[in-house]
Every structure is written in structure tokens, then in C-alpha cells.
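A.B. asks: Quick one: this structure, given as C-alpha cells, is what I'll be asking you about.
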Amino acid sequence: MGGKGATAYTFGRRQVNRNVVPFRPSPSDRSCRRKAPAYRPAPRFGCQSRGGPATIHSTVLRRNAFHRELKWIKSVGLSDAPPSYSTWRGAMFLGDGLEILKRLPQECIDLVITSPPFALNRQKEYGNEPVEQYIDWFMPFCTEIHRVLRPTGSFVLDIGGTWVPGGPVRSVYHFDLAVRLAEQFCLAQEIYWHNPARLPTPAEWVTIRRIRLKDAVNMVWWFSKTPWPKADNRRVLRPYGKSMKRLLQYGSKVAKRPSGHEISTKFQRDNGGAIPGNLLEIANTESNSVYLRRCRSRDIPAHPARYPERLVEFFVKFLTDEGDLIVDPFAGSNVTGAVCERLSRRWISVEIKKQYVEGSILRFEDAPQTQRATAAGRKRRNAKR
Ligand SMILES: C[S@@+](CC[C@H](N)C(=O)[O-])C[C@H]1O[C@@H](n2cnc3c(N)ncnc32)[C@H](O)[C@@H]1O
């Protein structure tokens, strides 16, 4: 099949021929319209048995109890803290993030990624600490985070800036916080999250008097416990730009940049993508997601300050491996848990407001999952065939 040299392999019970290019009609070719094959999502979780992925679609959400797969929850001292809900990768707790952090044993967490309430002038409905008290309020969380992080662990903190009330002047509270944190942690890198969809506020300075620019960047402080946190930028490569693609295709002469750097032939190697810079452009424009639609249909208020999944996904892939344990002590609508679930990381999330916890469950409802293929399960399924 497929001519000389074709390699056929099995995927599940289907024979696949690697050398056969899948049929893709060109949009202009109306004569070759064929019914697209039914979309079958690839299994994302669990191990693969020899005969292919063992997939059992089931709802794995458990309310007010731990999923039976969460045996590790005992080892992190939380087995007697009833969760609001759990899945087979993690658990969401309704309560104070600081209390949950205090219960965790030392050096058991690979990544803390979070976005706490910022010290904004305009109060959010979940409450914000004023600038003057912000550092004192936040430092106890950071001390606990430092204690629970593994030596290879990271603490990724998304924090927005604010204005000094009454004037066109910026507060430096989030820089002060970084300086305080650097006494305990290593600053692995400062990352700028550019959200081009931000509204041009405060209107007085930005759109009326036109004397300031739109504040469209959040600082994302990446702290680590040691100078050597686990990280691999090969997992977050970006597609090459046009000029790099041209360079790879046609090559170029060895040349010097104005900075003095020599662009040697080494730069002509295809490494599978470009290494991202520390400016992440991610528009926060979610408006019709499953989470929002479900919130609307059940009359549950959606969380007003969610960070985008892509931001969390970037750091989870960059800084952790499958199976690693990730904590979000200010989880809100639990974007962190949902991303970890999808990327096969274990997670612990905490949120203090019941209404947000209730909304966050909607991210996990009826999510099809792949269960681990146990010997007993395989035997049962084979018997049914
Ligand atoms: C900026 S929001 C986080 C939003 C979240 N990243 C998301 O994408 O949905 C901060 C959240 O921290 C919660 N919060 C404030 N103090 C807390 C505490 N001590 N423990 C746990 N959660 C807290 C707030 O209720 C709010 O939902």
C-alpha cells in the first residue's frame, strides 16, 4: 500500500500509511467537495496501552469530594480539607489561599502561577487592598509560596500597575513589591504581557486630555527559588517570521549586525520555531467561550478579571512537565486549573468567593477525559467485545 518504502503503522485499530498525504480539497475546487471525516479529538490524558489509546469518555468532575485518582492529595496534607470540586488532576478549594498554602508541606510544588487582586484605585467587586497596605498584605502569601516551592520551582505573578489617585502619575507599588520579593526569591526574568484589547483608561488622561498612553501592559514577575528553575524554551517556540523562513530557504551571507553580532551560518539552522521574547502579546478578548456561555445560561456571574488561558498555558508548558503540581492561591474562575487539566498537570486552586467557585465548576462539566488503562479495565473491555 502506498508504493515502495511506505511505512504503515497502527493507531488504535486503524491502519495508517505515513506516506499517503491526507486529502485536502482546495477551496477553489468545487468539484472535489467531499464530506469531511467526523472530528475525533486526540486523547489527551492517561497512558497508551499497546493496542492504542484506551479511551473511556466519562465525566470526571466530583463535587464536594476528592476524585479517587487524587491519592497524592494526602501527601500534600489536604486530604481532610474538603474541596468544592475535584477532577482526576486537581482540586478547587473555597477558602483563603493563605490557609491552604500554610497546610502544604515544604518543597512540594513545581509552579505557583497566580494573579492576585491588584492595588487598583477603582474597587473590584471582589475587593482590593489599597496601595499603602498592599505589600504587607501580600508578603505572607509570598513567604509561604517560597516555603512550598521545590528548589527547581517557579513563582509566576501577574500584576497590573495603577495610577496615583488624582494625577497623571503612575504608582510604583508593583516595582516595590518586586524589590521586596527579590530579597527572598531570584528574579528569573521580568515578562511583559501586552494586552492590545485593553480599554484606554483613565479616560481623563488618555482620551480626554490625551496626555498619557493607554496602559496595556501587565508585569509578569517570574521568580524562582534558586537561580536554576526548571525551564525549557523549546516547548514554547513561536512560528518563524517571514524573513526567517526566507533565510532558512535561501540562506544568507555571513554579516554583522549594527550591534556587532555576527549573523553566521549557525543562524540558518531550522530549530522548529523562534524563541519568544519577554514581551507576550495576548489579547484578553474572551467573549463567547464555553465558560461564559454556561455562566450566562445558568445566571451565574462570570468572573470580571480573568486572565487568558494562553498566558497560563505559556508558563505551564515553559516551566513544568506533565504530572507536575501547580498551585493558584487566587484562582477566581480557575483558568489555571482548567489549563493544567488540559495539559496533564496536577493542580490545586483556591478562591475565597463562593460565587466564583460555583462559576468555575462550569469549566469542567462534562469534559471528556481519558482514563488510565488499568489491567482490570482492559480485561473488562475485552470481555465485552
Ligand atoms: C484577579 S482575580 C483572579 C482571576 C483568575 N486569575 C481568573 O483568571 O479567573 C483575584 C481573585 O482572588 C480572590 N481572592 C482575594 N483574596 C483571596 C484570598 N485570601 N484567598 C483566595 N482568593 C482570594 C478574589 O476573590 C479574586 O477572585
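Convention: chains lettered A, B, ... in C-alpha cells order; per-chain residue numbering from 1; ligands numbered from 1 as shown.
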How would you report the residues lying within 10 Å of ligand 1, as JSON, numbers by chain, if you count only C-alpha atoms and all ligand atoms?

C.D. replies: {"A": [93, 94, 95, 96, 97, 98, 99, 100, 101, 113, 114, 115, 116, 117, 118, 124, 125, 126, 127, 128, 129, 137, 138, 141, 158, 159, 160, 302, 303, 304, 305, 306, 307, 308, 309, 311, 312, 328, 329, 330, 331, 332, 333, 334, 335, 336, 337, 349, 350, 351, 352, 353, 354, 355, 356, 357, 359, 360]}

A.B. asks: Would you mind listing what lies within 7 Å of Met92 in chain A as a VMD selection string, with only C-alpha atoms counted and same-chain residues fewer than 3 positions away left out?

C.D. replies: chain A and resid 83 to 86 348 to 350

A.B. asks: Check range 80-306 of chain A with DSSP on the backbone and list each residue it calls strand (DSSP E), as a PyMOL selection string.

C.D. replies: chain A and resi 85-86+90-94+109-114+149-159+186-194+217-224+255-256+262-263+279-281

A.B. asks: Keeping only N, CA and C atoms, write the selected residues as a short mmCIF file (atom, residue, chain, number, x, y, z; two decimals), in the first residue's frame.

C.D. replies:
```cif
data_model
loop_
_atom_site.label_atom_id
_atom_site.label_comp_id
_atom_site.auth_asym_id
_atom_site.auth_seq_id
_atom_site.Cartn_x
_atom_site.Cartn_y
_atom_site.Cartn_z
N TYR A 85 -14.83 21.06 44.52
CA TYR A 85 -14.94 20.03 43.48
C TYR A 85 -13.54 19.56 43.14
N SER A 86 -13.51 18.43 42.48
CA SER A 86 -12.21 17.93 42.06
C SER A 86 -12.38 17.17 40.75
N GLY A 90 -6.91 17.48 39.78
CA GLY A 90 -6.74 18.50 40.81
C GLY A 90 -8.01 18.84 41.55
N ALA A 91 -7.87 19.81 42.47
CA ALA A 91 -8.99 20.15 43.34
C ALA A 91 -9.08 21.65 43.54
N MET A 92 -10.32 22.13 43.64
CA MET A 92 -10.59 23.54 43.89
C MET A 92 -11.14 23.67 45.31
N PHE A 93 -10.55 24.58 46.09
CA PHE A 93 -10.98 24.79 47.47
C PHE A 93 -11.60 26.17 47.59
N LEU A 94 -12.70 26.23 48.34
CA LEU A 94 -13.31 27.52 48.66
C LEU A 94 -12.70 27.96 49.98
N ILE A 109 5.87 21.84 45.57
CA ILE A 109 5.16 22.47 44.44
C ILE A 109 6.15 22.86 43.34
N ASP A 110 5.75 22.61 42.10
CA ASP A 110 6.63 22.93 40.97
C ASP A 110 6.40 24.35 40.44
N LEU A 111 5.17 24.81 40.52
CA LEU A 111 4.89 26.15 39.99
C LEU A 111 3.72 26.77 40.75
N VAL A 112 3.90 28.01 41.18
CA VAL A 112 2.75 28.80 41.66
C VAL A 112 2.54 29.86 40.59
N ILE A 113 1.38 29.85 39.98
CA ILE A 113 1.07 30.89 38.98
C ILE A 113 -0.24 31.53 39.41
N THR A 114 -0.24 32.85 39.48
CA THR A 114 -1.43 33.48 40.03
C THR A 114 -1.53 34.96 39.64
N LEU A 149 7.69 25.87 47.49
CA LEU A 149 8.28 25.62 46.16
C LEU A 149 9.44 24.65 46.25
N ARG A 150 9.53 23.78 45.26
CA ARG A 150 10.72 22.92 45.13
C ARG A 150 11.91 23.81 44.73
N PRO A 151 13.13 23.33 44.93
CA PRO A 151 14.29 24.13 44.51
C PRO A 151 14.27 24.45 43.01
N THR A 152 13.60 23.61 42.23
CA THR A 152 13.52 23.87 40.78
C THR A 152 12.23 24.62 40.42
N GLY A 153 11.49 25.05 41.44
CA GLY A 153 10.16 25.61 41.20
C GLY A 153 10.19 27.09 40.84
N SER A 154 9.06 27.55 40.30
CA SER A 154 8.92 28.95 39.90
C SER A 154 7.64 29.56 40.49
N PHE A 155 7.71 30.88 40.63
CA PHE A 155 6.55 31.64 41.11
C PHE A 155 6.29 32.71 40.04
N VAL A 156 5.17 32.56 39.34
CA VAL A 156 4.84 33.49 38.26
C VAL A 156 3.69 34.38 38.73
N LEU A 157 3.96 35.66 38.80
CA LEU A 157 3.00 36.60 39.39
C LEU A 157 2.58 37.63 38.34
N ASP A 158 1.30 37.55 37.95
CA ASP A 158 0.77 38.55 37.02
C ASP A 158 0.24 39.72 37.85
N ILE A 159 0.81 40.90 37.64
CA ILE A 159 0.38 42.03 38.45
C ILE A 159 0.30 43.31 37.61
N CYS A 186 14.81 34.54 43.59
CA CYS A 186 15.64 35.05 42.49
C CYS A 186 14.68 35.58 41.43
N LEU A 187 15.00 36.71 40.85
CA LEU A 187 14.17 37.20 39.74
C LEU A 187 14.69 36.51 38.47
N ALA A 188 13.98 35.49 38.04
CA ALA A 188 14.44 34.74 36.86
C ALA A 188 14.31 35.62 35.62
N GLN A 189 13.20 36.30 35.50
CA GLN A 189 13.03 37.24 34.38
C GLN A 189 11.75 38.06 34.58
N GLU A 190 11.80 39.27 34.06
CA GLU A 190 10.58 40.08 34.06
C GLU A 190 9.96 39.93 32.68
N ILE A 191 8.66 39.70 32.67
CA ILE A 191 7.98 39.47 31.39
C ILE A 191 6.84 40.48 31.29
N TYR A 192 6.64 40.98 30.09
CA TYR A 192 5.61 41.99 29.87
C TYR A 192 4.47 41.32 29.11
N TRP A 193 3.30 41.37 29.68
CA TRP A 193 2.13 40.84 28.97
C TRP A 193 1.40 42.02 28.35
N HIS A 194 1.46 42.10 27.02
CA HIS A 194 0.80 43.18 26.31
C HIS A 194 -0.59 42.71 25.88
N VAL A 217 -0.06 47.05 29.41
CA VAL A 217 0.94 46.02 29.76
C VAL A 217 0.83 45.68 31.24
N ASN A 218 0.80 44.40 31.54
CA ASN A 218 0.93 43.94 32.93
C ASN A 218 2.34 43.40 33.12
N MET A 219 2.88 43.59 34.29
CA MET A 219 4.15 42.92 34.60
C MET A 219 3.83 41.49 34.98
N VAL A 220 4.63 40.58 34.50
CA VAL A 220 4.55 39.20 34.98
C VAL A 220 5.93 38.89 35.54
N TRP A 221 6.02 38.92 36.87
CA TRP A 221 7.31 38.67 37.52
C TRP A 221 7.50 37.16 37.59
N TRP A 222 8.60 36.71 37.03
CA TRP A 222 8.92 35.27 37.13
C TRP A 222 10.04 35.12 38.17
N PHE A 223 9.63 34.68 39.35
CA PHE A 223 10.60 34.45 40.42
C PHE A 223 10.87 32.95 40.55
N SER A 224 12.03 32.64 41.09
CA SER A 224 12.35 31.23 41.32
C SER A 224 13.03 31.10 42.67
N ALA A 255 27.11 38.07 8.01
CA ALA A 255 27.09 39.53 8.07
C ALA A 255 27.12 39.99 9.51
N LYS A 256 27.46 41.27 9.68
CA LYS A 256 27.49 41.82 11.04
C LYS A 256 26.30 42.72 11.25
N GLU A 262 27.65 38.84 14.97
CA GLU A 262 27.83 38.26 13.64
C GLU A 262 26.71 37.27 13.35
N ILE A 263 26.03 37.45 12.23
CA ILE A 263 24.97 36.52 11.83
C ILE A 263 25.65 35.43 10.99
N LEU A 279 8.25 39.78 25.81
CA LEU A 279 7.00 40.54 25.64
C LEU A 279 5.98 39.59 25.01
N LEU A 280 4.97 39.25 25.79
CA LEU A 280 3.96 38.31 25.28
C LEU A 280 2.74 39.11 24.86
N GLU A 281 2.40 39.03 23.58
CA GLU A 281 1.21 39.76 23.14
C GLU A 281 0.03 38.79 23.11
#
```

A.B. asks: Just asking: which residues within range 239-371 of chain A are helix (DSSP H, G or I) according to DSSP, as JSON, numbers by chain?

C.D. replies: {"A": [242, 243, 244, 245, 246, 247, 248, 249, 250, 265, 266, 267, 268, 290, 291, 292, 293, 294, 295, 296, 297, 298, 309, 310, 311, 312, 313, 314, 315, 316, 317, 318, 319, 335, 336, 337, 338, 339, 340, 341, 342, 354, 355, 356, 357, 358, 359, 360, 361]}

A.B. asks: Expressed in Å to a single decimal, how great is the separation between CA of Gln106 in chain A and CA of Thr226 in chain A?

C.D. replies: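 So the answer is 14.9 Å.
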
A.B. asks: Give me, please, the distance in Å between CA of Arg198 in chain A and CA of Asp215 in chain A, quoted to one decimal.

C.D. replies: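 Straight-line distance from CA of Arg198 in chain A to CA of Asp215 in chain A works out to 7.4 Å.
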
A.B. asks: Could you give me, as a list in words, the residues within 6 Å of Leu104 in chain A, counting only C-alpha atoms and dropping anything in the same chain fewer than 2 positions from it?

C.D. replies: Val76, Gly77, Leu101 and Lys102 of chain A

A.B. asks: Just the residues within 12 Å of Gln133 in chain A, please, counting only C-alpha atoms, with nothing from its chain fewer than 6 positions along; format it as a count of residues only.

C.D. replies: 6

A.B. asks: So, counting only C-alpha atoms, which residue among A:Phe314, A:Phe175, A:Phe185, A:Trp205 is closest to Ala231 in chain A?

C.D. replies: A:Phe314

A.B. asks: Quick one: residues within 7 Å of Lys317 in chain A, only C-alpha atoms, excluding same-chain residues fewer than 3 positions away - as a VMD selection string?

C.D. replies: chain A and resid 235 to 236 313 to 314 320

A.B. asks: Those same residues, written as a CSV table (one decimal), in the first residue's frame with N, CA and C atoms?

C.D. replies:
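Writing done, so here's result06.csv:
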```
chain,number,residue,atom,x,y,z
A,235,ARG,N,9.8,24.4,24.4
A,235,ARG,CA,8.4,24.0,24.5
A,235,ARG,C,7.4,25.1,24.1
A,236,VAL,N,8.0,26.3,24.0
A,236,VAL,CA,7.1,27.5,23.7
A,236,VAL,C,7.5,28.3,22.5
A,313,GLU,N,-1.1,28.9,29.8
A,313,GLU,CA,-0.6,27.8,29.0
A,313,GLU,C,0.9,28.0,28.7
A,314,PHE,N,1.3,29.2,28.4
A,314,PHE,CA,2.7,29.5,28.1
A,314,PHE,C,3.6,29.1,29.2
A,320,THR,N,7.0,23.6,33.4
A,320,THR,CA,6.7,22.4,34.1
A,320,THR,C,6.6,21.2,33.1
```
